[in-house]
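Here is start.cif, consisting of mmCIF, C-alpha atoms:
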data_upload
#
loop_
_atom_site.label_atom_id
_atom_site.label_comp_id
_atom_site.auth_asym_id
_atom_site.auth_seq_id
_atom_site.Cartn_x
_atom_site.Cartn_y
_atom_site.Cartn_z
CA MET A 128 -1.05 -4.92 16.14
CA THR A 129 -0.55 -1.47 14.62
CA TYR A 130 2.80 0.26 14.41
CA HIS A 131 3.22 4.01 14.03
CA PHE A 132 6.52 5.06 12.47
CA ASN A 133 7.61 8.44 11.20
CA MET A 134 9.63 8.62 7.99
CA LYS A 135 12.92 9.08 9.85
CA GLU A 136 12.34 5.77 11.67
CA ILE A 137 11.32 4.10 8.41
CA ASP A 138 14.50 5.33 6.72
CA ILE A 139 16.60 3.84 9.53
CA LEU A 140 14.82 0.49 9.22
CA LEU A 141 15.15 0.45 5.43
CA LYS A 142 18.89 1.10 5.72
CA GLN A 143 19.15 -1.84 8.14
CA TRP A 144 17.07 -4.17 5.99
CA ILE A 145 18.45 -3.09 2.60
CA PRO A 146 21.93 -1.75 3.33
CA VAL A 147 23.39 -1.91 -0.20
CA ASN A 148 20.78 -1.34 -2.91
CA THR A 149 19.74 2.31 -2.64
CA ILE A 150 17.49 2.12 -5.74
CA ILE A 151 15.29 -0.59 -4.25
CA ARG A 152 15.35 1.17 -0.88
CA GLU A 153 14.07 4.40 -2.51
CA GLU A 154 11.36 2.51 -4.41
CA ILE A 155 10.15 0.89 -1.19
CA ARG A 156 10.26 4.25 0.60
CA GLU A 157 8.18 5.85 -2.17
CA ALA A 158 5.65 2.99 -1.97
CA ILE A 159 5.37 3.50 1.79
CA ILE A 160 4.79 7.23 1.31
CA GLN A 161 2.08 6.57 -1.29
CA MET A 162 0.32 4.06 0.98
CA LYS A 163 0.54 6.48 3.89
CA MET A 164 -0.93 9.33 1.80
CA LYS A 165 -3.81 7.13 0.60
CA ALA A 166 -4.56 6.06 4.18
CA MET A 167 -4.51 9.67 5.38
CA SER A 168 -6.78 10.76 2.54
CA LYS A 169 -9.21 7.92 3.24
CA ALA A 170 -9.25 8.75 6.96
CA TYR A 171 -9.88 12.42 6.22
CA SER A 172 -12.73 11.59 3.83
CA SER A 173 -14.28 9.17 6.31
CA GLY A 174 -14.05 11.75 9.07
CA HIS A 175 -15.59 14.42 6.88
CA GLU A 176 -18.45 12.11 5.84
CA ALA A 177 -19.10 11.19 9.47
CA GLY A 178 -19.15 14.89 10.39
CA VAL A 179 -21.63 15.67 7.62
CA GLU A 180 -23.86 12.80 8.74
CA ALA A 181 -23.73 14.18 12.30
CA GLY A 182 -24.78 17.61 11.05
CA LEU A 183 -21.37 19.21 11.47
CA ASP A 184 -21.01 20.40 7.87
CA TYR A 185 -20.02 24.01 8.46
CA LYS A 186 -19.64 26.38 5.55
CA GLN A 187 -17.07 29.14 5.43
CA ASN A 188 -18.49 32.58 6.18
CA THR A 189 -18.15 34.60 2.99
CA ASN A 190 -20.04 37.63 4.30
CA THR A 191 -17.94 40.69 3.44
CA ASN A 192 -20.26 43.17 5.19
CA ARG A 193 -18.65 43.42 8.60
#

Translate the structure of the given file into structure tokens.
Amino acid sequence: MTYHFNMKEIDILLKQWIPVNTIIREEIREAIIQMKMKAMSKAYSSGHEAGVEAGLDYKQNTNTNR
């Protein structure tokens, strides 16, 4: 089962689970952010690679003669 939480929801849960120690709570929050960023980067790269394989690798138009 996959859960989708935004950071506001995660902050609420962390405050419930770790109500006293703010240092540990911040370290866990930072770890969650790092994992989320890695997952997003991996998903973006995978999507880009799939697009290139499908022939959807578009290049930006740099033609200045309009």

Test item: residues at most 8 Å from stretch 147-161 of chain A, all atoms listed in the file, excluding those fewer than 5 positions along its chain, as a list in words: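 Contacts, in chain order: Ile137, Asp138, Leu141 and Lys142 of chain A.
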
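Between atom CA of A:Met164 and atom CA of A:Gly178 the separation is 20.9 Å.
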
Edge lengths and centre in Å, axis-aligned, stretch 140-155 of chain A plus 8 Å each side, as AutoDock Vina command-line options:
--center_x 16.8 --center_y 0.1 --center_z 1.7 --size_x 29.2 --size_y 24.6 --size_z 31.0
